[in-house]
>>> print(open('my_file.txt').read())   # compact mmCIF, C-alpha atoms and all ligand atoms
# COMPACT_ATOMS: atom_id res chain seq x y z
CA MET G 1290 119.99 -71.10 206.07
CA SER G 1291 122.63 -69.24 204.15
CA SER G 1292 122.30 -67.63 200.73
CA VAL G 1293 124.22 -68.59 197.64
CA GLU G 1294 127.02 -66.19 198.49
CA GLY G 1295 126.71 -66.95 202.18
CA SER G 1296 126.69 -63.23 202.93
CA THR G 1297 123.00 -62.47 203.45
CA SER G 1298 120.06 -64.26 205.02
CA VAL G 1299 118.14 -64.55 201.75
CA SER G 1300 117.26 -68.21 201.42
CA ARG G 1301 115.78 -68.08 197.93
CA PRO G 1302 117.58 -65.60 195.69
CA ALA G 1303 115.20 -63.28 193.86
CA GLU G 1304 116.52 -64.18 190.40
CA LEU G 1305 114.97 -67.62 190.72
CA MET G 1306 111.63 -66.94 189.08
CA ARG G 1307 110.89 -70.40 187.74
CA VAL G 1308 112.04 -73.36 189.78
CA PRO G 1309 111.74 -76.87 188.35
CA GLN G 1310 109.14 -79.05 190.06
CA HIS G 1311 111.23 -82.17 189.84
CA VAL G 1312 115.01 -82.31 189.56
CA GLY G 1313 116.90 -85.52 188.84
CA ILE G 1314 120.61 -85.70 189.63
CA ILE G 1315 123.15 -88.17 188.30
CA MET G 1316 125.79 -87.93 191.01
CA ASP G 1317 128.96 -88.75 189.11
CA GLY G 1318 132.67 -88.27 189.68
CA ASN G 1319 133.27 -89.54 193.20
CA GLY G 1320 136.05 -91.80 191.95
CA ARG G 1321 137.75 -89.06 189.94
CA TRP G 1322 137.44 -86.62 192.85
CA ALA G 1323 139.36 -89.11 195.01
CA GLN G 1324 141.87 -89.99 192.31
CA ALA G 1325 142.71 -86.30 191.82
CA ARG G 1326 143.66 -86.21 195.51
CA GLY G 1327 145.58 -89.48 195.49
CA MET G 1328 142.89 -91.09 197.62
CA ALA G 1329 141.01 -94.38 197.34
CA ARG G 1330 137.70 -94.40 195.43
CA SER G 1331 135.89 -95.21 198.68
CA ALA G 1332 137.05 -91.83 200.05
CA GLY G 1333 135.34 -90.23 197.06
CA HIS G 1334 132.10 -92.04 197.83
CA ARG G 1335 132.32 -90.91 201.46
CA ALA G 1336 132.87 -87.30 200.37
CA GLY G 1337 129.97 -87.66 197.93
CA THR G 1338 127.77 -88.86 200.74
CA GLU G 1339 128.77 -85.93 202.96
CA ASN G 1340 127.75 -83.64 200.12
CA LEU G 1341 124.17 -84.94 200.15
CA ARG G 1342 123.39 -82.77 203.14
CA ASN G 1343 124.51 -79.56 201.34
CA VAL G 1344 122.44 -80.34 198.29
CA LEU G 1345 119.34 -81.33 200.24
CA GLU G 1346 119.47 -78.16 202.30
CA ALA G 1347 119.95 -76.04 199.19
CA ALA G 1348 117.14 -77.84 197.35
CA ALA G 1349 114.78 -77.15 200.24
CA ASP G 1350 115.86 -73.49 200.37
CA PHE G 1351 115.31 -73.12 196.63
CA ARG G 1352 111.85 -74.71 197.06
CA ILE G 1353 112.45 -77.63 194.77
CA PRO G 1354 109.54 -79.92 195.65
CA ILE G 1355 110.88 -83.21 194.26
CA LEU G 1356 114.44 -84.45 194.00
CA THR G 1357 115.49 -87.80 192.54
CA LEU G 1358 119.06 -88.90 193.15
CA TYR G 1359 120.72 -91.70 191.19
CA ALA G 1360 122.50 -93.51 194.01
CA PHE G 1361 123.04 -97.01 192.66
CA SER G 1362 122.13 -98.36 189.27
CA THR G 1363 121.37 -101.94 188.30
CA GLU G 1364 124.66 -101.75 186.36
CA ASN G 1365 126.65 -100.73 189.47
CA TRP G 1366 126.51 -104.34 190.75
CA SER G 1367 129.22 -105.13 188.19
CA ARG G 1368 131.79 -102.97 189.99
CA PRO G 1369 134.43 -104.78 192.08
CA ALA G 1370 132.76 -106.46 195.08
CA PRO G 1371 134.58 -104.38 197.75
CA GLU G 1372 133.43 -101.14 196.09
CA VAL G 1373 129.84 -102.42 195.89
CA ARG G 1374 129.96 -103.41 199.56
CA ALA G 1375 131.38 -100.00 200.53
CA LEU G 1376 128.64 -98.20 198.59
CA LEU G 1377 125.89 -100.27 200.16
CA ARG G 1378 127.35 -99.65 203.62
CA LEU G 1379 127.39 -95.92 202.93
CA VAL G 1380 123.75 -95.86 201.90
CA GLN G 1381 122.89 -97.77 205.08
CA ARG G 1382 124.92 -95.33 207.16
CA VAL G 1383 123.30 -92.29 205.53
CA ILE G 1384 119.87 -93.62 206.47
CA ASP G 1385 121.00 -94.42 210.04
CA ARG G 1386 122.58 -91.02 210.56
CA GLU G 1387 120.30 -88.69 208.67
CA LEU G 1388 116.82 -90.20 208.91
CA ASN G 1389 115.64 -88.33 212.01
CA GLU G 1390 117.00 -85.02 210.79
CA LEU G 1391 115.42 -85.46 207.36
CA HIS G 1392 112.14 -86.42 208.98
CA SER G 1393 112.18 -83.36 211.23
CA ARG G 1394 112.74 -81.20 208.15
CA GLY G 1395 109.66 -82.65 206.49
CA VAL G 1396 111.47 -84.72 203.87
CA ARG G 1397 109.60 -87.70 202.45
CA ILE G 1398 111.98 -90.50 201.48
CA ARG G 1399 111.16 -93.05 198.79
CA GLN G 1400 113.24 -95.67 197.08
CA ILE G 1401 112.71 -96.18 193.37
CA GLY G 1402 114.15 -99.26 191.70
CA ARG G 1403 113.82 -102.98 192.16
CA ARG G 1404 113.67 -104.33 195.69
CA GLU G 1405 114.91 -107.81 194.72
CA GLY G 1406 118.63 -108.11 195.23
CA ILE G 1407 118.81 -105.61 198.10
CA ASP G 1408 119.91 -107.36 201.28
CA ASP G 1409 117.49 -107.60 204.16
CA ALA G 1410 119.24 -105.23 206.57
CA LEU G 1411 119.28 -102.42 204.01
CA LEU G 1412 115.77 -103.17 202.80
CA ARG G 1413 114.44 -102.96 206.36
CA ARG G 1414 116.04 -99.52 206.76
CA ILE G 1415 114.63 -98.30 203.47
CA GLU G 1416 111.15 -99.49 204.43
CA ARG G 1417 111.42 -97.89 207.86
CA ALA G 1418 112.51 -94.58 206.32
CA GLU G 1419 109.61 -94.69 203.85
CA GLU G 1420 107.12 -95.54 206.57
CA LEU G 1421 108.35 -92.89 209.03
CA THR G 1422 108.36 -90.09 206.46
CA ARG G 1423 105.31 -91.04 204.38
CA ASP G 1424 103.22 -88.03 205.42
CA ASN G 1425 105.97 -85.43 204.95
CA SER G 1426 105.61 -82.95 202.13
CA GLU G 1427 108.37 -80.30 202.32
CA LEU G 1428 110.54 -82.21 199.86
CA ILE G 1429 110.02 -85.57 198.21
CA LEU G 1430 113.37 -87.33 198.01
CA ASN G 1431 113.42 -90.30 195.64
CA ILE G 1432 116.52 -92.39 196.01
CA ALA G 1433 117.09 -94.32 192.80
CA PHE G 1434 118.71 -97.39 194.21
CA ASN G 1435 119.06 -100.67 192.33
CA TYR G 1436 117.44 -98.58 189.63
CA GLY G 1437 117.50 -98.91 185.87
CA GLY G 1438 115.27 -96.94 183.51
CA ARG G 1439 114.68 -99.84 181.14
CA ALA G 1440 113.81 -102.14 184.07
CA ASP G 1441 111.39 -99.45 185.24
CA ILE G 1442 109.61 -99.58 181.85
CA VAL G 1443 109.68 -103.39 181.77
CA ASP G 1444 108.09 -103.51 185.24
CA ALA G 1445 105.38 -101.07 184.16
CA VAL G 1446 104.59 -103.20 181.10
CA ARG G 1447 104.50 -106.33 183.26
CA ALA G 1448 102.00 -104.60 185.54
CA LEU G 1449 99.81 -103.75 182.56
CA VAL G 1450 99.87 -107.35 181.38
CA ARG G 1451 99.08 -108.64 184.87
CA GLU G 1452 96.13 -106.30 185.02
CA GLY G 1453 94.94 -107.64 181.67
CA MET G 1454 94.71 -104.22 180.03
CA ALA G 1455 93.63 -104.44 176.38
CA SER G 1456 96.39 -103.41 173.97
CA GLU G 1457 94.34 -100.60 172.45
CA GLU G 1458 93.85 -99.11 175.91
CA ILE G 1459 97.58 -98.87 176.54
CA ASP G 1460 98.82 -95.34 176.11
CA GLU G 1461 101.56 -93.15 177.54
CA ALA G 1462 99.47 -92.22 180.57
CA ALA G 1463 98.95 -95.91 181.36
CA ILE G 1464 102.70 -96.49 181.40
CA SER G 1465 103.43 -93.29 183.33
CA ALA G 1466 100.95 -94.45 185.97
CA ARG G 1467 102.93 -97.66 186.46
CA VAL G 1468 106.57 -96.57 186.42
CA SER G 1469 108.32 -95.99 189.73
CA THR G 1470 107.53 -92.26 189.81
CA ALA G 1471 103.78 -92.76 189.26
CA GLY G 1472 101.78 -89.87 190.66
CA LEU G 1473 104.71 -87.43 190.48
CA PRO G 1474 105.37 -84.94 187.70
CA ASP G 1475 108.11 -85.91 185.27
CA PRO G 1476 111.50 -84.35 185.99
CA ASP G 1477 111.83 -81.01 184.23
CA LEU G 1478 115.57 -80.78 184.89
CA VAL G 1479 118.20 -83.54 184.92
CA ILE G 1480 121.63 -82.58 186.21
CA ARG G 1481 124.76 -84.65 185.68
CA THR G 1482 128.02 -83.91 187.44
CA ALA G 1483 131.54 -84.80 186.27
CA GLY G 1484 131.07 -83.79 182.67
CA GLU G 1485 129.51 -86.79 180.92
CA MET G 1486 126.71 -86.18 178.43
CA ARG G 1487 124.54 -89.23 178.85
CA LEU G 1488 121.54 -90.41 180.84
CA SER G 1489 123.02 -93.82 181.77
CA ASN G 1490 119.60 -95.45 182.04
CA PHE G 1491 118.32 -92.84 184.53
CA LEU G 1492 114.59 -92.00 184.31
CA ILE G 1493 114.67 -92.59 180.55
CA TRP G 1494 110.86 -92.72 180.27
CA GLN G 1495 110.22 -89.79 182.59
CA ALA G 1496 112.98 -87.50 181.28
CA ALA G 1497 111.74 -87.46 177.67
CA TYR G 1498 111.26 -83.68 177.77
CA ALA G 1499 113.53 -82.76 180.67
CA GLU G 1500 116.10 -80.04 180.25
CA TYR G 1501 119.58 -81.51 180.61
CA TYR G 1502 122.41 -79.78 182.45
CA SER G 1503 125.94 -81.10 182.68
CA THR G 1504 128.73 -79.62 184.74
CA PRO G 1505 132.38 -80.69 184.91
CA THR G 1506 132.29 -80.38 188.72
CA PHE G 1507 132.68 -83.72 190.51
CA TRP G 1508 129.78 -84.68 192.77
CA PRO G 1509 131.59 -84.12 196.11
CA ASP G 1510 132.15 -80.48 195.05
CA PHE G 1511 128.65 -79.91 193.69
CA GLY G 1512 127.19 -77.69 196.39
CA ARG G 1513 124.67 -74.92 196.83
CA GLU G 1514 126.27 -72.55 194.31
CA GLU G 1515 126.48 -75.25 191.66
CA LEU G 1516 122.83 -76.15 192.15
CA TYR G 1517 121.92 -72.51 191.92
CA LYS G 1518 123.81 -72.19 188.62
CA ALA G 1519 121.92 -75.18 187.24
CA LEU G 1520 118.60 -73.60 188.25
CA LEU G 1521 119.56 -70.32 186.60
CA ALA G 1522 120.47 -72.19 183.40
CA PHE G 1523 117.12 -74.01 183.57
CA GLN G 1524 115.12 -70.84 183.72
CA GLU G 1525 116.95 -69.47 180.68
CA ARG G 1526 115.85 -72.47 178.61
CA LYS G 1527 112.79 -72.11 176.40
CA ARG G 1528 110.76 -75.27 176.80
CA ARG G 1529 108.77 -76.27 173.72
CA PHE G 1530 107.73 -79.90 174.31
CA GLY G 1531 108.01 -80.52 170.55
CA GLY G 1532 105.80 -77.55 169.64
CA LEU G 1533 106.66 -74.02 168.61
CA LEU G 1534 107.51 -71.23 170.99
CA SER G 1535 104.45 -69.14 171.72
CA GLY G 1536 104.65 -65.94 169.69
CA ALA G 1537 107.21 -67.49 167.31
C1 LIG D 1 129.41 -91.98 190.87
O1 LIG D 1 130.77 -91.83 191.07
C2 LIG D 1 128.72 -92.18 192.13
C3 LIG D 1 128.13 -93.34 192.53
C4 LIG D 1 128.14 -94.56 191.71
C5 LIG D 1 127.48 -93.47 193.83
C6 LIG D 1 126.81 -92.25 194.36
C7 LIG D 1 126.30 -92.57 195.69
C8 LIG D 1 126.42 -91.78 196.79
C9 LIG D 1 127.03 -90.44 196.79
C10 LIG D 1 125.80 -92.26 198.07
C11 LIG D 1 124.36 -91.90 197.98
C12 LIG D 1 123.57 -92.34 199.09
C13 LIG D 1 122.23 -92.01 199.22
C14 LIG D 1 121.48 -92.54 200.38
C15 LIG D 1 121.49 -91.15 198.26
P1 LIG D 1 131.77 -92.78 190.27
O2 LIG D 1 132.28 -93.80 191.21
O3 LIG D 1 131.09 -93.34 189.07
O4 LIG D 1 132.88 -91.77 189.89
P2 LIG D 1 133.88 -91.85 188.64
O5 LIG D 1 133.00 -91.82 187.41
O6 LIG D 1 134.72 -90.66 188.81
O7 LIG D 1 134.61 -93.15 188.78
>>> encode(input="my_file.txt", output="structure tokens", more="lines below")
Ligand code: FPP
Amino acid sequence: MSSVEGSTSVSRPAELMRVPQHVGIIMDGNGRWAQARGMARSAGHRAGTENLRNVLEAAADFRIPILTLYAFSTENWSRPAPEVRALLRLVQRVIDRELNELHSRGVRIRQIGRREGIDDALLRRIERAEELTRDNSELILNIAFNYGGRADIVDAVRALVREGMASEEIDEAAISARVSTAGLPDPDLVIRTAGEMRLSNFLIWQAAYAEYYSTPTFWPDFGREELYKALLAFQERKRRFGGLLSGA
């Protein structure tokens, strides 16, 4: 695959010394991308969907092991019904079109978020994609769909209560083991496109210590070079996890 500049065959530029283990992306700005071109919002969502392929290829080239994409939040149901329908259709179409290719590239697909509320046809596709790709390990792709970070925490707490865990036994590890990303490392980098500076209920438990990167670029234009810039910014950050820098 091509390099960042597209001029050499280097797939992982040498300057990338420290790549995050888990990157979360809030894909924002499809609507504004379309508006800026005098197009309907649905055209922006289509362009955003086309862009997934670029970003997945680049993520694999940069050896990012885990990617979590915020595709549809629990709050997105409140958008106008035709837009919701169009978004759901797009997700369905992405799975139909891309599943075999993603599988052949060793991508493991998982949905995180509540299953209730997702219609049967889409749910069947999600389950088929998860089943088909369950043993793949090149890249874990979590699709946050019908996802809300607070709901994720609520569901983890409900699981603890169902299990009858004593209150004094409940600690952070117990909750981490029951949120939707259980078994995976927390994201160390969260990227948001289209300039906003908020998490919007995305991985709020898991991203407690994540580095945050915001770019004004709209999602349909966020390609390989933009991802590379985010990774470079990440490796410049000094991560302290609430402590002091070593040697400081
Ligand atoms: C934000 O743009 C984008 C979304 C709400 C949807 C993103 C979903 C996709 C690109 C499809 C993903 C599919 C899979 C399978 C991962 P916006 O509409 O909020 O843009 P705006 O803020 O400019 O209005």
>>> residues_near_ligand(input="my_file.txt", ligand="ligand LIG 1 (chain D)", cutoff="6 Å", atoms="all atoms listed in the file", output="PyMOL selection string")
chain G and resi 1316-1321+1334+1337-1338+1360-1361+1380+1383+1432
>>> closest_residue(input="my_file.txt", among="G:Ala1463, G:Leu1341, G:Leu1411, G:Leu1391", to="G:Asp1510", atoms="only C-alpha atoms")
G:Leu1341
>>> closest_residue(input="my_file.txt", among="G:Arg1335, G:Glu1419, G:Leu1449, G:Asp1477", to="G:Lys1527", atoms="only C-alpha atoms")
G:Asp1477
>>> closest_residue(input="my_file.txt", among="G:Val1468, G:Ile1459, G:Ile1429, G:Val1312", to="G:Ala1445", atoms="all atoms listed in the file")
G:Val1468
>>> residues_around(input="my_file.txt", residues="G:Leu1345", least_positions_apart="4", cutoff="12 Å", atoms="all atoms listed in the file", output="count of residues only")
34
>>> atom_distance(input="my_file.txt", atom1="atom CA of G:Arg1414", atom2="atom CA of G:Gln1310")
27.3 Å
>>> closest_residue(input="my_file.txt", among="G:Pro1474, G:Gly1484, G:Pro1369, G:Gly1531", to="G:Ala1496", atoms="only C-alpha atoms")
G:Pro1474
>>> atom_distance(input="my_file.txt", atom1="atom CA of G:Thr1470", atom2="atom CA of G:Arg1447")
15.8 Å
>>> residues_around(input="my_file.txt", residues="G:Glu1372", least_positions_apart="3", cutoff="12 Å", atoms="only C-alpha atoms", output="ChimeraX atom specification")
/G:1319-1320,1329-1335,1361,1365-1369,1375-1379
>>> write_last_selection(input="my_file.txt", atoms="C-alpha atoms", output="CSV table (one decimal), keeping the file's coordinate frame")
chain,number,residue,atom,x,y,z
G,1319,ASN,CA,133.3,-89.5,193.2
G,1320,GLY,CA,136.0,-91.8,192.0
G,1329,ALA,CA,141.0,-94.4,197.3
G,1330,ARG,CA,137.7,-94.4,195.4
G,1331,SER,CA,135.9,-95.2,198.7
G,1332,ALA,CA,137.0,-91.8,200.0
G,1333,GLY,CA,135.3,-90.2,197.1
G,1334,HIS,CA,132.1,-92.0,197.8
G,1335,ARG,CA,132.3,-90.9,201.5
G,1361,PHE,CA,123.0,-97.0,192.7
G,1365,ASN,CA,126.6,-100.7,189.5
G,1366,TRP,CA,126.5,-104.3,190.8
G,1367,SER,CA,129.2,-105.1,188.2
G,1368,ARG,CA,131.8,-103.0,190.0
G,1369,PRO,CA,134.4,-104.8,192.1
G,1375,ALA,CA,131.4,-100.0,200.5
G,1376,LEU,CA,128.6,-98.2,198.6
G,1377,LEU,CA,125.9,-100.3,200.2
G,1378,ARG,CA,127.4,-99.6,203.6
G,1379,LEU,CA,127.4,-95.9,202.9
>>> atom_distance(input="my_file.txt", atom1="atom CA of G:Ser1503", atom2="atom CA of G:Arg1481")
4.8 Å
>>> closest_residue(input="my_file.txt", among="G:Val1446, G:Arg1374, G:Gly1438, G:Thr1482", to="G:Ala1497", atoms="only C-alpha atoms")
G:Gly1438
>>> axis_aligned_box(input="my_file.txt", around="stretch 1427-1433 of chain G", padding_each_side="3 Å", output="JSON")
{"center_x": 112.7, "center_y": -87.3, "center_z": 197.6, "size_x": 14.7, "size_y": 20.0, "size_z": 15.5}
>>> closest_residue(input="my_file.txt", among="G:Arg1529, G:Trp1322, G:Ser1393, G:Val1443", to="G:Leu1421", atoms="only C-alpha atoms")
G:Ser1393
>>> residues_around(input="my_file.txt", residues="G:Glu1405", least_positions_apart="5", cutoff="12 Å", atoms="only C-alpha atoms", output="compact mmCIF listing (two decimals) with C-alpha atoms, keeping the file's coordinate frame")
# COMPACT_ATOMS: atom_id res chain seq x y z
CA THR G 1363 121.37 -101.94 188.30
CA LEU G 1411 119.28 -102.42 204.01
CA LEU G 1412 115.77 -103.17 202.80
CA PHE G 1434 118.71 -97.39 194.21
CA ASN G 1435 119.06 -100.67 192.33
CA TYR G 1436 117.44 -98.58 189.63
>>> residues_near_point(input="my_file.txt", point="(110.9, -104.1, 195.0)", cutoff="12 Å", atoms="only C-alpha atoms", output="VMD selection string")
chain G and resid 1399 to 1409 1412 to 1413 1415 to 1416 1433 to 1436 1440 to 1441 1444 1469
>>> decode(input="my_file.txt", residues="stretch 1375-1387 of chain G", atoms="all heavy atoms", output="PDB file, in the first residue's frame")
ATOM      1  N   ALA G1375     -31.489   6.540   6.379  1.00  0.00           N
ATOM      2  CA  ALA G1375     -30.383   6.561   5.403  1.00  0.00           C
ATOM      3  C   ALA G1375     -29.086   6.076   6.062  1.00  0.00           C
ATOM      4  O   ALA G1375     -28.318   5.308   5.464  1.00  0.00           O
ATOM      5  CB  ALA G1375     -30.206   7.974   4.845  1.00  0.00           C
ATOM      6  N   LEU G1376     -28.860   6.494   7.300  1.00  0.00           N
ATOM      7  CA  LEU G1376     -27.641   6.068   7.994  1.00  0.00           C
ATOM      8  C   LEU G1376     -27.637   4.556   8.244  1.00  0.00           C
ATOM      9  O   LEU G1376     -26.628   3.885   8.029  1.00  0.00           O
ATOM     10  CB  LEU G1376     -27.533   6.794   9.342  1.00  0.00           C
ATOM     11  CG  LEU G1376     -26.757   8.101   9.341  1.00  0.00           C
ATOM     12  CD1 LEU G1376     -26.937   8.833  10.669  1.00  0.00           C
ATOM     13  CD2 LEU G1376     -25.276   7.864   9.083  1.00  0.00           C
ATOM     14  N   LEU G1377     -28.789   4.054   8.662  1.00  0.00           N
ATOM     15  CA  LEU G1377     -28.871   2.613   8.935  1.00  0.00           C
ATOM     16  C   LEU G1377     -28.655   1.817   7.648  1.00  0.00           C
ATOM     17  O   LEU G1377     -27.975   0.792   7.627  1.00  0.00           O
ATOM     18  CB  LEU G1377     -30.219   2.249   9.565  1.00  0.00           C
ATOM     19  CG  LEU G1377     -30.541   2.923  10.909  1.00  0.00           C
ATOM     20  CD1 LEU G1377     -31.819   2.359  11.511  1.00  0.00           C
ATOM     21  CD2 LEU G1377     -29.402   2.768  11.899  1.00  0.00           C
ATOM     22  N   ARG G1378     -29.244   2.333   6.553  1.00  0.00           N
ATOM     23  CA  ARG G1378     -29.058   1.650   5.254  1.00  0.00           C
ATOM     24  C   ARG G1378     -27.587   1.618   4.867  1.00  0.00           C
ATOM     25  O   ARG G1378     -27.084   0.630   4.357  1.00  0.00           O
ATOM     26  CB  ARG G1378     -29.853   2.384   4.165  1.00  0.00           C
ATOM     27  CG  ARG G1378     -31.143   1.675   3.773  1.00  0.00           C
ATOM     28  CD  ARG G1378     -31.664   2.140   2.418  1.00  0.00           C
ATOM     29  NE  ARG G1378     -31.608   3.577   2.214  1.00  0.00           N
ATOM     30  CZ  ARG G1378     -32.567   4.438   2.574  1.00  0.00           C
ATOM     31  NH1 ARG G1378     -33.654   3.992   3.199  1.00  0.00           N
ATOM     32  NH2 ARG G1378     -32.454   5.737   2.355  1.00  0.00           N
ATOM     33  N   LEU G1379     -26.913   2.745   5.129  1.00  0.00           N
ATOM     34  CA  LEU G1379     -25.491   2.825   4.768  1.00  0.00           C
ATOM     35  C   LEU G1379     -24.666   1.806   5.546  1.00  0.00           C
ATOM     36  O   LEU G1379     -23.800   1.145   4.973  1.00  0.00           O
ATOM     37  CB  LEU G1379     -24.952   4.226   5.077  1.00  0.00           C
ATOM     38  CG  LEU G1379     -25.045   5.249   3.965  1.00  0.00           C
ATOM     39  CD1 LEU G1379     -24.513   6.583   4.465  1.00  0.00           C
ATOM     40  CD2 LEU G1379     -24.233   4.798   2.748  1.00  0.00           C
ATOM     41  N   VAL G1380     -24.949   1.694   6.836  1.00  0.00           N
ATOM     42  CA  VAL G1380     -24.185   0.744   7.651  1.00  0.00           C
ATOM     43  C   VAL G1380     -24.405  -0.664   7.099  1.00  0.00           C
ATOM     44  O   VAL G1380     -23.465  -1.448   6.926  1.00  0.00           O
ATOM     45  CB  VAL G1380     -24.605   0.828   9.139  1.00  0.00           C
ATOM     46  CG1 VAL G1380     -23.945  -0.273   9.950  1.00  0.00           C
ATOM     47  CG2 VAL G1380     -24.240   2.195   9.713  1.00  0.00           C
ATOM     48  N   GLN G1381     -25.682  -0.955   6.779  1.00  0.00           N
ATOM     49  CA  GLN G1381     -26.010  -2.269   6.213  1.00  0.00           C
ATOM     50  C   GLN G1381     -25.235  -2.500   4.912  1.00  0.00           C
ATOM     51  O   GLN G1381     -24.667  -3.567   4.683  1.00  0.00           O
ATOM     52  CB  GLN G1381     -27.511  -2.307   5.945  1.00  0.00           C
ATOM     53  CG  GLN G1381     -28.092  -3.678   5.908  1.00  0.00           C
ATOM     54  CD  GLN G1381     -29.590  -3.626   6.222  1.00  0.00           C
ATOM     55  OE1 GLN G1381     -30.006  -3.119   7.268  1.00  0.00           O
ATOM     56  NE2 GLN G1381     -30.397  -4.125   5.318  1.00  0.00           N
ATOM     57  N   ARG G1382     -25.211  -1.460   4.086  1.00  0.00           N
ATOM     58  CA  ARG G1382     -24.534  -1.593   2.787  1.00  0.00           C
ATOM     59  C   ARG G1382     -23.020  -1.778   2.951  1.00  0.00           C
ATOM     60  O   ARG G1382     -22.401  -2.539   2.231  1.00  0.00           O
ATOM     61  CB  ARG G1382     -24.817  -0.344   1.925  1.00  0.00           C
ATOM     62  CG  ARG G1382     -25.001  -0.725   0.472  1.00  0.00           C
ATOM     63  CD  ARG G1382     -25.413   0.449  -0.372  1.00  0.00           C
ATOM     64  NE  ARG G1382     -26.757   0.931  -0.073  1.00  0.00           N
ATOM     65  CZ  ARG G1382     -27.185   2.169  -0.376  1.00  0.00           C
ATOM     66  NH1 ARG G1382     -26.387   3.050  -0.936  1.00  0.00           N
ATOM     67  NH2 ARG G1382     -28.421   2.527  -0.114  1.00  0.00           N
ATOM     68  N   VAL G1383     -22.446  -1.051   3.927  1.00  0.00           N
ATOM     69  CA  VAL G1383     -21.004  -1.206   4.158  1.00  0.00           C
ATOM     70  C   VAL G1383     -20.703  -2.660   4.502  1.00  0.00           C
ATOM     71  O   VAL G1383     -19.768  -3.261   3.973  1.00  0.00           O
ATOM     72  CB  VAL G1383     -20.511  -0.324   5.334  1.00  0.00           C
ATOM     73  CG1 VAL G1383     -19.063  -0.619   5.677  1.00  0.00           C
ATOM     74  CG2 VAL G1383     -20.666   1.138   5.015  1.00  0.00           C
ATOM     75  N   ILE G1384     -21.528  -3.236   5.386  1.00  0.00           N
ATOM     76  CA  ILE G1384     -21.270  -4.628   5.776  1.00  0.00           C
ATOM     77  C   ILE G1384     -21.412  -5.532   4.551  1.00  0.00           C
ATOM     78  O   ILE G1384     -20.548  -6.361   4.272  1.00  0.00           O
ATOM     79  CB  ILE G1384     -22.215  -5.061   6.922  1.00  0.00           C
ATOM     80  CG1 ILE G1384     -21.991  -4.169   8.141  1.00  0.00           C
ATOM     81  CG2 ILE G1384     -21.982  -6.535   7.276  1.00  0.00           C
ATOM     82  CD1 ILE G1384     -22.901  -4.440   9.321  1.00  0.00           C
ATOM     83  N   ASP G1385     -22.494  -5.331   3.772  1.00  0.00           N
ATOM     84  CA  ASP G1385     -22.701  -6.183   2.583  1.00  0.00           C
ATOM     85  C   ASP G1385     -21.524  -6.101   1.628  1.00  0.00           C
ATOM     86  O   ASP G1385     -21.062  -7.092   1.097  1.00  0.00           O
ATOM     87  CB  ASP G1385     -23.973  -5.747   1.837  1.00  0.00           C
ATOM     88  CG  ASP G1385     -25.227  -6.177   2.593  1.00  0.00           C
ATOM     89  OD1 ASP G1385     -25.099  -7.011   3.511  1.00  0.00           O
ATOM     90  OD2 ASP G1385     -26.318  -5.655   2.287  1.00  0.00           O
ATOM     91  N   ARG G1386     -21.060  -4.872   1.398  1.00  0.00           N
ATOM     92  CA  ARG G1386     -20.032  -4.676   0.368  1.00  0.00           C
ATOM     93  C   ARG G1386     -18.631  -5.009   0.829  1.00  0.00           C
ATOM     94  O   ARG G1386     -17.816  -5.495   0.060  1.00  0.00           O
ATOM     95  CB  ARG G1386     -20.021  -3.193  -0.051  1.00  0.00           C
ATOM     96  CG  ARG G1386     -21.008  -2.907  -1.130  1.00  0.00           C
ATOM     97  CD  ARG G1386     -20.566  -1.649  -1.869  1.00  0.00           C
ATOM     98  NE  ARG G1386     -21.743  -0.904  -2.245  1.00  0.00           N
ATOM     99  CZ  ARG G1386     -21.879   0.405  -2.176  1.00  0.00           C
ATOM    100  NH1 ARG G1386     -20.887   1.138  -1.720  1.00  0.00           N
ATOM    101  NH2 ARG G1386     -22.974   0.987  -2.544  1.00  0.00           N
ATOM    102  N   GLU G1387     -18.346  -4.713   2.090  1.00  0.00           N
ATOM    103  CA  GLU G1387     -16.947  -4.761   2.521  1.00  0.00           C
ATOM    104  C   GLU G1387     -16.577  -5.988   3.346  1.00  0.00           C
ATOM    105  O   GLU G1387     -15.407  -6.216   3.609  1.00  0.00           O
ATOM    106  CB  GLU G1387     -16.601  -3.498   3.347  1.00  0.00           C
ATOM    107  CG  GLU G1387     -16.947  -2.175   2.679  1.00  0.00           C
ATOM    108  CD  GLU G1387     -16.059  -1.860   1.469  1.00  0.00           C
ATOM    109  OE1 GLU G1387     -14.951  -2.428   1.374  1.00  0.00           O
ATOM    110  OE2 GLU G1387     -16.495  -1.057   0.628  1.00  0.00           O
TER     111      GLU G1387
END
